file my_file_31.txt (compact mmCIF, C-alpha atoms)
# COMPACT_ATOMS: atom_id res chain seq x y z
CA MET A 21 74.10 78.92 94.36
CA THR A 22 75.81 75.55 94.79
CA ALA A 23 78.87 76.76 92.86
CA LEU A 24 79.04 79.87 95.06
CA LEU A 25 78.87 77.77 98.22
CA LYS A 26 81.60 75.44 96.95
CA GLY A 27 83.79 78.41 96.07
CA TYR A 28 83.29 79.81 99.56
CA MET A 29 84.19 76.48 101.19
CA ARG A 30 87.32 75.99 99.10
CA SER A 31 88.73 79.52 99.37
CA SER A 32 91.31 80.27 102.07
CA LEU A 33 90.05 81.39 105.46
CA ILE A 34 92.15 84.57 105.49
CA LEU A 35 90.71 85.60 102.10
CA ARG A 36 87.18 85.13 103.42
CA VAL A 37 87.93 87.03 106.64
CA THR A 38 89.57 89.91 104.73
CA ILE A 39 86.59 90.26 102.40
CA ALA A 40 84.28 90.10 105.42
CA LEU A 41 86.21 92.93 107.12
CA LEU A 42 85.98 95.17 104.05
CA LEU A 43 82.30 94.43 103.43
CA GLY A 44 81.52 95.01 107.11
CA LEU A 45 83.25 98.39 106.98
CA VAL A 46 81.25 99.49 103.93
CA VAL A 47 77.92 98.22 105.25
CA GLY A 48 78.58 99.77 108.66
CA LEU A 49 79.33 103.21 107.19
CA PHE A 50 76.32 103.33 104.86
CA GLY A 51 73.84 100.90 106.41
CA GLY A 52 72.53 103.15 109.18
CA ASP A 53 71.15 102.15 112.57
CA ALA A 54 69.29 99.17 111.14
CA VAL A 55 72.64 97.39 110.69
CA ALA A 56 73.14 96.88 114.43
CA THR A 57 69.62 95.54 114.83
CA TRP A 58 69.81 93.02 112.01
CA LEU A 59 73.44 91.92 112.16
CA GLY A 60 74.05 92.07 115.92
CA PRO A 61 72.68 88.56 116.61
CA VAL A 62 74.85 87.09 113.82
CA GLY A 63 77.99 88.49 115.44
CA ASP A 64 76.81 87.22 118.83
CA LEU A 65 76.44 83.75 117.31
CA LEU A 66 80.10 83.70 116.26
CA LEU A 67 81.25 84.77 119.71
CA ARG A 68 79.06 82.09 121.29
CA LEU A 69 80.47 79.39 119.01
CA LEU A 70 84.06 80.40 119.72
CA THR A 71 83.39 80.68 123.45
CA PHE A 72 81.66 77.29 123.31
CA LEU A 73 84.97 75.70 122.28
CA ILE A 74 87.23 77.33 124.88
CA VAL A 75 86.74 74.86 127.76
CA PRO A 76 87.22 71.60 125.80
CA ILE A 77 90.11 73.00 123.76
CA VAL A 78 92.04 74.24 126.80
CA LEU A 79 91.29 71.19 128.95
CA PHE A 80 91.97 68.41 126.45
CA THR A 81 94.81 70.11 124.56
CA LEU A 82 96.76 70.84 127.73
CA MET A 83 96.20 67.37 129.23
CA VAL A 84 97.31 65.68 126.00
CA GLY A 85 100.28 68.03 125.69
CA ILE A 86 101.50 67.25 129.22
CA ASN A 87 101.27 63.52 128.54
CA GLN A 88 103.32 63.90 125.36
CA SER A 89 106.23 65.61 127.11
CA ARG A 90 108.69 64.96 129.92
CA GLU A 91 108.02 66.32 133.41
CA GLY A 92 111.14 68.47 133.52
CA SER A 93 110.45 70.09 130.15
CA VAL A 94 107.01 71.29 131.26
CA GLY A 95 108.44 73.11 134.28
CA ARG A 96 111.23 74.64 132.22
CA MET A 97 108.82 75.75 129.53
CA GLY A 98 106.44 77.22 132.12
CA GLY A 99 109.26 79.40 133.44
CA LYS A 100 109.97 80.62 129.92
CA VAL A 101 106.29 81.43 129.34
CA PHE A 102 105.95 83.52 132.50
CA ALA A 103 109.24 85.32 131.90
CA TYR A 104 108.38 86.17 128.29
CA TYR A 105 104.90 87.46 129.14
CA LEU A 106 106.18 89.63 131.99
CA VAL A 107 108.95 91.17 129.87
CA SER A 108 106.77 91.69 126.80
CA THR A 109 104.03 93.42 128.83
CA SER A 110 106.56 95.77 130.47
CA LEU A 111 108.13 96.49 127.08
CA ALA A 112 104.71 97.25 125.59
CA ILE A 113 104.03 99.87 128.28
CA VAL A 114 107.43 101.47 127.64
CA VAL A 115 106.66 101.59 123.91
CA GLY A 116 103.26 103.15 124.61
CA LEU A 117 104.74 105.80 126.90
CA GLY A 118 107.50 106.62 124.42
CA VAL A 119 105.19 107.03 121.42
CA ALA A 120 102.60 108.97 123.42
CA SER A 121 105.25 111.32 124.84
CA LEU A 122 106.48 111.99 121.32
CA PHE A 123 103.06 112.81 119.84
CA SER A 124 101.34 114.20 123.01
CA PRO A 125 97.70 113.11 122.39
CA GLY A 126 95.12 115.19 124.25
CA SER A 127 97.10 118.43 124.20
CA GLY A 128 94.75 121.38 123.86
CA MET A 129 91.66 119.44 124.95
CA THR A 130 89.76 120.33 128.12
CA LEU A 131 87.90 118.13 130.54
CA ASP A 132 84.17 118.65 130.94
CA GLU A 133 83.66 119.76 134.53
CA ASN A 134 80.35 117.88 134.67
CA ALA A 135 81.91 114.63 133.49
CA SER A 136 81.77 111.77 135.95
CA PHE A 137 82.83 108.16 135.86
CA THR A 138 82.56 105.38 138.40
CA ALA A 139 85.40 102.93 138.02
CA PRO A 140 84.47 99.23 138.19
CA GLU A 141 85.91 97.38 141.15
CA ASN A 142 89.39 96.03 140.55
CA PRO A 143 89.61 92.44 141.83
CA GLY A 144 93.28 92.91 142.72
CA LEU A 145 96.27 90.69 142.07
CA VAL A 146 95.85 88.63 145.26
CA ASP A 147 92.25 87.71 144.40
CA VAL A 148 93.32 86.72 140.90
CA VAL A 149 96.10 84.49 142.25
CA LEU A 150 93.67 82.84 144.69
CA GLY A 151 91.20 82.44 141.86
CA ILE A 152 93.66 80.19 140.03
CA VAL A 153 92.57 77.36 142.33
CA PRO A 154 88.81 76.95 141.78
CA SER A 155 86.71 75.97 144.78
CA ASN A 156 84.40 74.20 142.37
CA ILE A 157 85.67 72.65 139.12
CA ILE A 158 82.23 72.73 137.49
CA GLY A 159 81.88 76.38 138.51
CA ALA A 160 85.24 77.22 136.90
CA PHE A 161 84.07 75.62 133.67
CA ALA A 162 80.68 77.35 133.79
CA GLU A 163 82.25 80.75 134.47
CA GLN A 164 85.00 80.09 131.87
CA ASN A 165 87.68 80.93 134.43
CA LEU A 166 90.65 80.24 132.16
CA LEU A 167 93.19 80.25 134.98
CA GLY A 168 91.04 77.78 136.90
CA ILE A 169 90.64 75.56 133.83
CA ILE A 170 94.40 75.64 133.19
CA PHE A 171 95.07 74.70 136.83
CA THR A 172 92.59 71.79 136.59
CA ALA A 173 94.14 70.55 133.34
CA LEU A 174 97.66 70.77 134.80
CA VAL A 175 96.78 68.89 138.00
CA PHE A 176 94.89 66.08 136.31
CA GLY A 177 97.29 66.01 133.36
CA PHE A 178 100.32 65.48 135.62
CA ALA A 179 98.43 62.94 137.73
CA LEU A 180 97.59 60.96 134.59
CA LEU A 181 101.21 61.19 133.42
CA LYS A 182 102.39 59.80 136.77
CA LEU A 183 99.93 56.92 136.58
CA ARG A 184 101.03 56.05 133.05
CA GLN A 185 104.72 56.13 134.05
CA GLN A 186 104.23 54.01 137.16
CA ALA A 187 102.07 51.36 135.49
CA THR A 188 103.98 48.14 134.81
CA GLN A 189 101.63 47.33 131.93
CA PRO A 190 99.01 49.24 129.90
CA GLY A 191 95.86 49.57 131.95
CA SER A 192 93.16 52.01 132.98
CA ALA A 193 95.51 55.03 132.89
CA GLU A 194 96.49 54.31 129.29
CA ARG A 195 92.87 53.79 128.27
CA LEU A 196 91.90 57.07 129.97
CA TYR A 197 94.63 58.88 128.05
CA GLU A 198 93.32 57.41 124.79
CA VAL A 199 89.83 58.67 125.64
CA ILE A 200 91.13 62.19 126.38
CA GLU A 201 93.17 62.15 123.18
CA GLY A 202 90.05 61.10 121.27
CA LEU A 203 88.03 63.92 122.87
CA ASN A 204 90.75 66.36 121.85
CA ASP A 205 90.56 65.15 118.24
CA VAL A 206 86.77 65.50 118.30
CA THR A 207 87.07 69.06 119.63
CA LEU A 208 89.48 69.97 116.82
CA LYS A 209 87.04 68.49 114.31
CA VAL A 210 84.23 70.67 115.72
CA MET A 211 86.56 73.68 115.54
CA ALA A 212 87.19 72.96 111.86
CA GLY A 213 83.44 73.22 111.28
CA VAL A 214 83.11 76.44 113.31
CA LEU A 215 85.75 78.06 111.08
CA HIS A 216 83.14 78.14 108.31
CA VAL A 217 81.11 80.65 110.34
CA VAL A 218 84.02 82.96 111.22
CA PRO A 219 83.90 85.19 108.08
CA ILE A 220 80.13 85.65 108.36
CA GLY A 221 80.40 86.56 112.04
CA VAL A 222 83.33 88.92 111.40
CA PHE A 223 81.29 90.74 108.74
CA ALA A 224 78.37 91.19 111.16
CA ILE A 225 80.52 92.36 114.09
CA VAL A 226 82.49 94.90 112.02
CA ALA A 227 79.33 96.27 110.40
CA GLU A 228 77.62 96.64 113.78
CA THR A 229 80.65 98.29 115.41
CA VAL A 230 81.21 100.79 112.61
CA SER A 231 77.51 101.68 112.40
CA GLN A 232 77.44 102.42 116.14
CA GLN A 233 80.75 104.33 116.30
CA GLY A 234 80.66 106.21 113.00
CA LEU A 235 83.29 108.55 111.61
CA GLU A 236 82.45 111.46 113.92
CA THR A 237 83.76 109.65 116.99
CA LEU A 238 86.94 108.66 115.18
CA LEU A 239 87.60 112.21 113.99
CA SER A 240 86.86 113.85 117.36
CA LEU A 241 89.55 111.82 119.13
CA GLY A 242 91.55 110.98 116.03
CA ASP A 243 94.93 111.89 117.52
CA MET A 244 94.47 109.43 120.39
CA VAL A 245 93.50 106.64 117.97
CA MET A 246 96.37 107.48 115.61
CA VAL A 247 98.98 107.43 118.38
CA LEU A 248 97.66 104.12 119.67
CA TYR A 249 97.94 102.43 116.28
CA ILE A 250 101.44 103.84 115.74
CA ALA A 251 102.49 102.29 119.05
CA LEU A 252 100.82 98.99 118.13
CA ALA A 253 102.68 98.96 114.81
CA LEU A 254 105.98 99.64 116.60
CA GLN A 255 105.34 96.77 119.03
CA LEU A 256 104.56 94.52 116.06
CA LEU A 257 107.89 95.53 114.53
CA ILE A 258 109.62 94.57 117.79
CA TYR A 259 107.92 91.18 117.59
CA CYS A 260 109.36 90.72 114.12
CA VAL A 261 112.88 91.52 115.36
CA ILE A 262 112.51 89.05 118.26
CA MET A 263 111.28 86.30 115.94
CA ARG A 264 114.14 86.85 113.52
CA LEU A 265 116.61 86.57 116.41
CA PHE A 266 115.16 83.13 117.08
CA GLY A 267 115.30 82.13 113.44
CA VAL A 268 111.57 82.40 112.73
CA LYS A 269 110.66 83.15 109.13
CA LEU A 270 108.20 86.04 109.24
CA ARG A 271 106.39 84.92 106.11
CA THR A 272 105.76 81.51 107.66
CA PHE A 273 104.54 83.04 110.92
CA PHE A 274 102.16 85.60 109.41
CA ARG A 275 100.83 83.02 106.98
CA GLU A 276 98.96 81.54 109.94
CA ALA A 277 98.86 84.47 112.39
CA ARG A 278 96.89 86.81 110.11
CA THR A 279 93.60 84.91 110.55
CA PRO A 280 93.45 85.07 114.39
CA MET A 281 94.78 88.66 114.18
CA ALA A 282 91.93 89.72 111.87
CA THR A 283 89.34 87.85 113.93
CA ALA A 284 90.60 89.36 117.18
CA PHE A 285 90.45 92.81 115.56
CA ALA A 286 86.80 92.29 114.70
CA THR A 287 85.62 90.52 117.85
CA GLN A 288 87.71 92.41 120.45
CA SER A 289 88.04 89.17 122.40
CA SER A 290 91.38 87.50 123.13
CA SER A 291 89.70 84.54 124.83
CA GLY A 292 87.10 84.21 122.08
CA THR A 293 89.84 84.07 119.45
CA LEU A 294 91.72 81.36 121.36
CA PRO A 295 90.43 78.46 119.18
CA LEU A 296 91.75 80.21 116.07
CA THR A 297 95.08 81.02 117.73
CA ILE A 298 95.51 77.38 118.73
CA ASN A 299 94.64 76.35 115.18
CA ALA A 300 97.34 78.71 113.86
CA ALA A 301 99.93 77.20 116.24
CA ARG A 302 98.98 73.70 115.08
CA ARG A 303 99.37 74.66 111.45
CA LEU A 304 102.79 76.15 112.22
CA GLY A 305 103.86 72.75 113.48
CA ILE A 306 104.25 73.79 117.13
CA SER A 307 103.83 70.90 119.56
CA ARG A 308 100.76 70.60 121.77
CA SER A 309 102.93 70.58 124.89
CA VAL A 310 103.98 74.16 124.05
CA TYR A 311 100.87 75.85 122.63
CA GLY A 312 98.50 73.96 124.95
CA PHE A 313 100.04 75.77 127.91
CA SER A 314 101.26 79.12 126.56
CA LEU A 315 98.23 80.18 124.50
CA PRO A 316 95.47 79.68 127.12
CA LEU A 317 97.69 81.37 129.70
CA GLY A 318 98.52 84.19 127.29
CA ALA A 319 94.83 84.80 126.54
CA THR A 320 94.38 85.38 130.26
CA LEU A 321 97.61 87.10 131.34
CA ASN A 322 99.51 88.47 128.35
CA MET A 323 97.92 91.78 127.31
CA ASP A 324 100.50 93.72 125.31
CA GLY A 325 97.88 95.66 123.38
CA ALA A 326 96.05 96.53 126.57
CA ALA A 327 99.34 97.57 128.18
CA ILE A 328 100.02 100.00 125.33
CA ARG A 329 96.49 101.31 125.70
CA ILE A 330 97.08 101.95 129.42
CA ALA A 331 100.28 103.90 128.75
CA ILE A 332 98.83 106.08 125.98
CA SER A 333 95.63 106.70 127.96
CA ALA A 334 97.71 107.91 130.92
CA VAL A 335 99.67 110.37 128.77
CA PHE A 336 96.42 111.49 127.12
CA ALA A 337 94.76 112.15 130.48
CA ALA A 338 97.80 114.02 131.80
CA ASN A 339 97.85 116.26 128.73
CA VAL A 340 94.10 116.95 128.98
CA ILE A 341 94.52 118.34 132.52
CA GLY A 342 97.71 120.17 131.53
CA ALA A 343 100.08 118.20 133.76
CA PRO A 344 102.45 116.13 131.60
CA LEU A 345 103.89 113.03 133.26
CA ASP A 346 107.35 113.21 134.79
CA PHE A 347 109.88 110.36 134.74
CA VAL A 348 108.89 109.02 138.16
CA SER A 349 105.22 108.83 137.13
CA MET A 350 106.19 106.97 133.95
CA VAL A 351 108.19 104.42 135.92
CA GLN A 352 105.23 103.99 138.25
CA ILE A 353 102.93 103.44 135.27
CA VAL A 354 105.25 100.72 133.93
CA LEU A 355 105.24 98.88 137.27
CA VAL A 356 101.56 99.32 138.13
CA GLY A 357 100.38 98.81 134.55
CA THR A 358 102.25 95.51 134.25
CA LEU A 359 100.66 94.15 137.43
CA VAL A 360 97.20 95.52 136.68
CA SER A 361 97.16 94.07 133.16
CA VAL A 362 97.67 90.65 134.77
CA GLY A 363 95.33 91.25 137.69
CA THR A 364 92.30 92.25 135.62
CA ALA A 365 92.73 89.97 132.62
CA GLY A 366 89.60 88.07 131.67
CA VAL A 367 87.30 90.35 133.70
CA PRO A 368 84.35 91.98 131.86
CA GLY A 369 85.23 95.59 131.09
CA ALA A 370 88.89 94.81 131.71
CA GLY A 371 90.14 97.72 129.59
CA ILE A 372 88.28 100.32 131.64
CA ILE A 373 89.25 98.62 134.90
CA MET A 374 92.94 98.67 133.97
CA ILE A 375 92.92 102.31 132.89
CA ALA A 376 90.93 103.51 135.91
CA THR A 377 93.16 101.58 138.33
CA VAL A 378 96.38 103.01 136.87
CA PHE A 379 94.90 106.52 136.87
CA ALA A 380 94.07 106.19 140.56
CA GLN A 381 97.59 104.97 141.37
CA VAL A 382 99.39 107.82 139.59
CA GLY A 383 96.97 110.56 140.60
CA LEU A 384 95.22 111.17 137.27
CA PRO A 385 91.52 112.18 137.32
CA ILE A 386 89.20 109.21 136.81
CA GLU A 387 86.81 111.55 134.96
CA THR A 388 89.11 111.53 131.92
CA VAL A 389 88.07 107.92 131.35
CA VAL A 390 84.75 109.34 130.09
CA LEU A 391 86.55 110.74 127.03
CA LEU A 392 88.21 107.40 126.36
CA THR A 393 84.99 105.39 126.50
CA ALA A 394 83.85 107.19 123.32
CA ILE A 395 86.56 105.40 121.32
CA ASP A 396 86.61 102.22 123.38
CA ALA A 397 85.65 99.97 120.47
CA LEU A 398 88.09 101.59 118.03
CA VAL A 399 91.11 101.24 120.30
CA GLY A 400 89.93 97.90 121.65
CA MET A 401 90.02 96.35 118.18
CA GLY A 402 93.69 97.15 117.61
CA ALA A 403 94.71 96.35 121.19
CA THR A 404 93.04 92.93 121.09
CA ALA A 405 94.66 92.07 117.76
CA LEU A 406 98.07 92.82 119.29
CA ASN A 407 97.20 90.80 122.42
CA VAL A 408 96.57 87.73 120.29
CA THR A 409 99.64 88.37 118.13
CA GLY A 410 101.82 88.66 121.22
CA ASP A 411 100.52 85.33 122.53
CA LEU A 412 101.36 83.56 119.27
CA VAL A 413 104.76 85.27 119.01
CA GLY A 414 105.63 84.14 122.53
CA THR A 415 104.49 80.59 121.78
CA THR A 416 106.54 80.51 118.58
CA VAL A 417 109.68 81.88 120.25
CA ILE A 418 109.37 79.44 123.16
CA ALA A 419 108.90 76.55 120.72
CA ARG A 420 112.08 77.59 118.90
CA SER A 421 113.94 77.83 122.22
CA GLU A 422 112.86 74.23 122.87
CA GLY A 423 114.48 73.19 119.57
CA GLU A 424 111.28 72.89 117.53
CA GLN A 425 111.21 73.71 113.82
CA LEU A 426 108.30 75.55 112.21
CA SER A 427 106.64 73.91 109.24
CA GLU A 428 107.19 75.63 105.89
CA THR A 429 103.75 74.44 104.75
CA PRO A 430 100.51 74.38 106.79
CA VAL A 431 100.27 71.27 108.97
CA GLU A 432 96.93 69.52 108.59
CA THR A 433 95.62 66.79 110.85
CA ASP A 434 93.47 65.20 108.17
CA GLU A 435 91.90 65.86 104.76
CA THR A 436 88.74 67.31 106.25
CA SER A 437 90.51 70.06 108.17
CA ALA A 438 92.61 70.82 105.10
CA THR A 439 89.45 71.42 103.09
CA VAL A 440 87.88 73.56 105.79
CA ILE A 441 90.86 75.73 106.59
CA GLY A 442 92.18 76.08 103.08
CA LYS A 443 95.60 77.12 101.94
CA ALA A 444 96.56 80.47 103.42
call {"tool": "encode", "arguments": {"input": "my_file_31.txt", "output": "structure tokens"}}
result
Amino acid sequence: MTALLKGYMRSSLILRVTIALLLGLVVGLFGGDAVATWLGPVGDLLLRLLTFLIVPIVLFTLMVGINQSREGSVGRMGGKVFAYYLVSTSLAIVVGLGVASLFSPGSGMTLDENASFTAPENPGLVDVVLGIVPSNIIGAFAEQNLLGIIFTALVFGFALLKLRQQATQPGSAERLYEVIEGLNDVTLKVMAGVLHVVPIGVFAIVAETVSQQGLETLLSLGDMVMVLYIALALQLLIYCVIMRLFGVKLRTFFREARTPMATAFATQSSSGTLPLTINAARRLGISRSVYGFSLPLGATLNMDGAAIRIAISAVFAANVIGAPLDFVSMVQIVLVGTLVSVGTAGVPGAGIIMIATVFAQVGLPIETVVLLTAIDALVGMGATALNVTGDLVGTTVIARSEGEQLSETPVETDETSATVIGKA
């Protein structure tokens, strides 16, 4: 038993996660309904542990990153982050529309006349923008309002940087920075321990999801699922082209990206996977001033996978009612979908909110969302994995544009984290 535990601890994280995914698939297919009952709490534990780390990781990492960079570089980098996320989201919707138009998912299906669906309330872009500034800092932390946490970290991070620059000699500002830097190191140490639980939680979540969905659901709407994953693969290929244009070695990137990608696939949570995505950026050798800002923001705003899902769902719904989309409607979907994917990010049930909002804007029947909810988990897994990948791609590209070099070997902060994370 001891030898087995030691072997588990020393093996690479991606190997453990891959085995967990495969075992979860098998157990989910053949385990029956009892699987969800027994393994559900284990998966919930992983999500709780990852969520538990989000606030300290975002707050301390971003504050330390700001204080390790120059003022002008932060503003320049912020412009690059927003520009990249806006362009990549729009491109993802175009890819989704193109692939869906080629394969025409939903053709030949009919809508149940008795089907009904009440769309959740869309908070709207204005409310989201206002929500960036929290009326209560403690409330923003308690509600895990990532935009509010980022705003808090930026304000206090820049204030601390100003105090350190204006001080004629090391004083309280410098000591405060040392405390925050120490808290950041402690948070990363806790994260290294949480990584031990990731494979076990992934196994439980996959087994529970597969046992609840089953093969019948997948086969009944198989064309929709197939088209979605083709579009996701095409977007991933575009990522590879972009990274090569910036001189990023794909083998080096995917060496670290595959673990957060697999975890996001299992958990269907971009925010929950954030600690692992930050860990991957660290191991790639990207500076804290870059990933501390771009990754938390990306987990909230950059939803390439969700954007593709919106586009394909719109084509699917149009085909179901026998009214294929024209060019004007497609352009409208690109514009509305890009804004909606930002406006509803981080909201519970965001996928359904985004789809229902776009449907209402382009005149598609909301009732078709009922069909899509049957495969929500199956499409959500792939879409979330691409969301996380897009965040890390953007961070890597921005780091290269800032003149940073990626590490050919995994960057470790100390011997303990090297033992925990393993060699990928």
call {"tool": "atom_distance", "arguments": {"input": "my_file_31.txt", "atom1": "CA of Val101 in chain A", "atom2": "CA of Ile152 in chain A"}}
result
16.6 Å
call {"tool": "closest_residue", "arguments": {"input": "my_file_31.txt", "among": "A:Gly305, A:Ala112, A:Thr229, A:Met83", "to": "Leu49 in chain A", "atoms": "all atoms listed in the file"}}
result
A:Thr229
call {"tool": "closest_residue", "arguments": {"input": "my_file_31.txt", "among": "A:Leu150, A:Val310, A:Arg68, A:Pro125", "to": "Gly99 in chain A", "atoms": "all atoms listed in the file"}}
result
A:Val310
call {"tool": "axis_aligned_box", "arguments": {"input": "my_file_31.txt", "around": "range 96-109 of chain A", "padding_each_side": "4 Å", "output": "JSON"}}
result
{"center_x": 107.6, "center_y": 84.0, "center_z": 130.1, "size_x": 15.2, "size_y": 26.8, "size_z": 14.6}
call {"tool": "atom_distance", "arguments": {"input": "my_file_31.txt", "atom1": "CA of Ala331 in chain A", "atom2": "CA of Pro280 in chain A"}}
result
24.6 Å
call {"tool": "closest_residue", "arguments": {"input": "my_file_31.txt", "among": "A:Gly85, A:Gly312, A:Gly126, A:Gly116", "to": "Asp324 in chain A", "atoms": "only C-alpha atoms"}}
result
A:Gly116
call {"tool": "closest_residue", "arguments": {"input": "my_file_31.txt", "among": "A:Gly292, A:Ser124, A:Leu257, A:Pro61", "to": "Val75 in chain A", "atoms": "all atoms listed in the file"}}
result
A:Gly292
call {"tool": "atom_distance", "arguments": {"input": "my_file_31.txt", "atom1": "CA of Ile39 in chain A", "atom2": "CA of Asn322 in chain A"}}
result
29.0 Å
call {"tool": "closest_residue", "arguments": {"input": "my_file_31.txt", "among": "A:Ile418, A:Ala284, A:Ala212, A:Met350", "to": "Val335 in chain A", "atoms": "only C-alpha atoms"}}
result
A:Met350
call {"tool": "closest_residue", "arguments": {"input": "my_file_31.txt", "among": "A:Ile225, A:Leu384, A:Ala54, A:Met263", "to": "Phe285 in chain A", "atoms": "only C-alpha atoms"}}
result
A:Ile225
call {"tool": "residues_around", "arguments": {"input": "my_file_31.txt", "residues": "Val217 in chain A", "least_positions_apart": "5", "cutoff": "9 Å", "atoms": "only C-alpha atoms", "output": "PyMOL selection string"}}
result
chain A and resi 65-66+69+222
call {"tool": "residues_near_point", "arguments": {"input": "my_file_31.txt", "point": "(85.8, 87.6, 112.2)", "cutoff": "7 Å", "atoms": "all atoms listed in the file", "output": "list in words"}}
result
Val37, Val218, Pro219, Gly221, Val222, Phe223, Ala282, Thr283, Ala286 and Thr287 of chain A
call {"tool": "closest_atom_pairs", "arguments": {"input": "my_file_31.txt", "of": "range 263-332 of chain A", "to": "range 424-432 of chain A", "cutoff": "12 Å", "atoms": "all atoms listed in the file", "output": "CSV"}}
result
residue,atom,partner,partner_atom,distance
A:Met263,CA,A:Leu426,CA,11.8
A:Phe266,CA,A:Gln425,CA,10.7
A:Gly267,CA,A:Gln425,CA,9.4
A:Val268,CA,A:Leu426,CA,7.6
A:Lys269,CA,A:Leu426,CA,8.5
A:Leu270,CA,A:Leu426,CA,10.9
A:Arg271,CA,A:Glu428,CA,9.3
A:Thr272,CA,A:Glu428,CA,6.3
A:Phe273,CA,A:Leu426,CA,8.5
A:Phe274,CA,A:Pro430,CA,11.6
A:Arg275,CA,A:Pro430,CA,8.6
A:Glu276,CA,A:Pro430,CA,8.0
A:Ala277,CA,A:Pro430,CA,11.7
A:Asn299,CA,A:Glu432,CA,9.8
A:Ala300,CA,A:Pro430,CA,8.9
A:Ala301,CA,A:Val431,CA,9.4
A:Arg302,CA,A:Val431,CA,6.7
A:Arg303,CA,A:Val431,CA,4.3
A:Leu304,CA,A:Ser427,CA,5.4
A:Gly305,CA,A:Ser427,CA,5.2
A:Ile306,CA,A:Leu426,CA,6.6
A:Ser307,CA,A:Glu424,CA,8.0
A:Arg308,CA,A:Glu424,CA,11.6
A:Ser309,CA,A:Glu424,CA,11.4
A:Val310,CA,A:Glu424,CA,9.9
A:Tyr311,CA,A:Glu424,CA,12.0
call {"tool": "residues_around", "arguments": {"input": "my_file_31.txt", "residues": "Gly177 in chain A", "least_positions_apart": "6", "cutoff": "12 Å", "atoms": "all atoms listed in the file", "output": "list in words"}}
result
Val78, Leu79, Phe80, Thr81, Leu82, Met83, Val84, Gly85, Ile86, Asn87, Gln88, Ser89, Arg90, Glu91, Val94, Ile169, Ile170, Phe171, Leu183, Arg184, Ala193, Leu196, Tyr197, Ile200, Glu201, Ser309, Gly312 and Phe313 of chain A
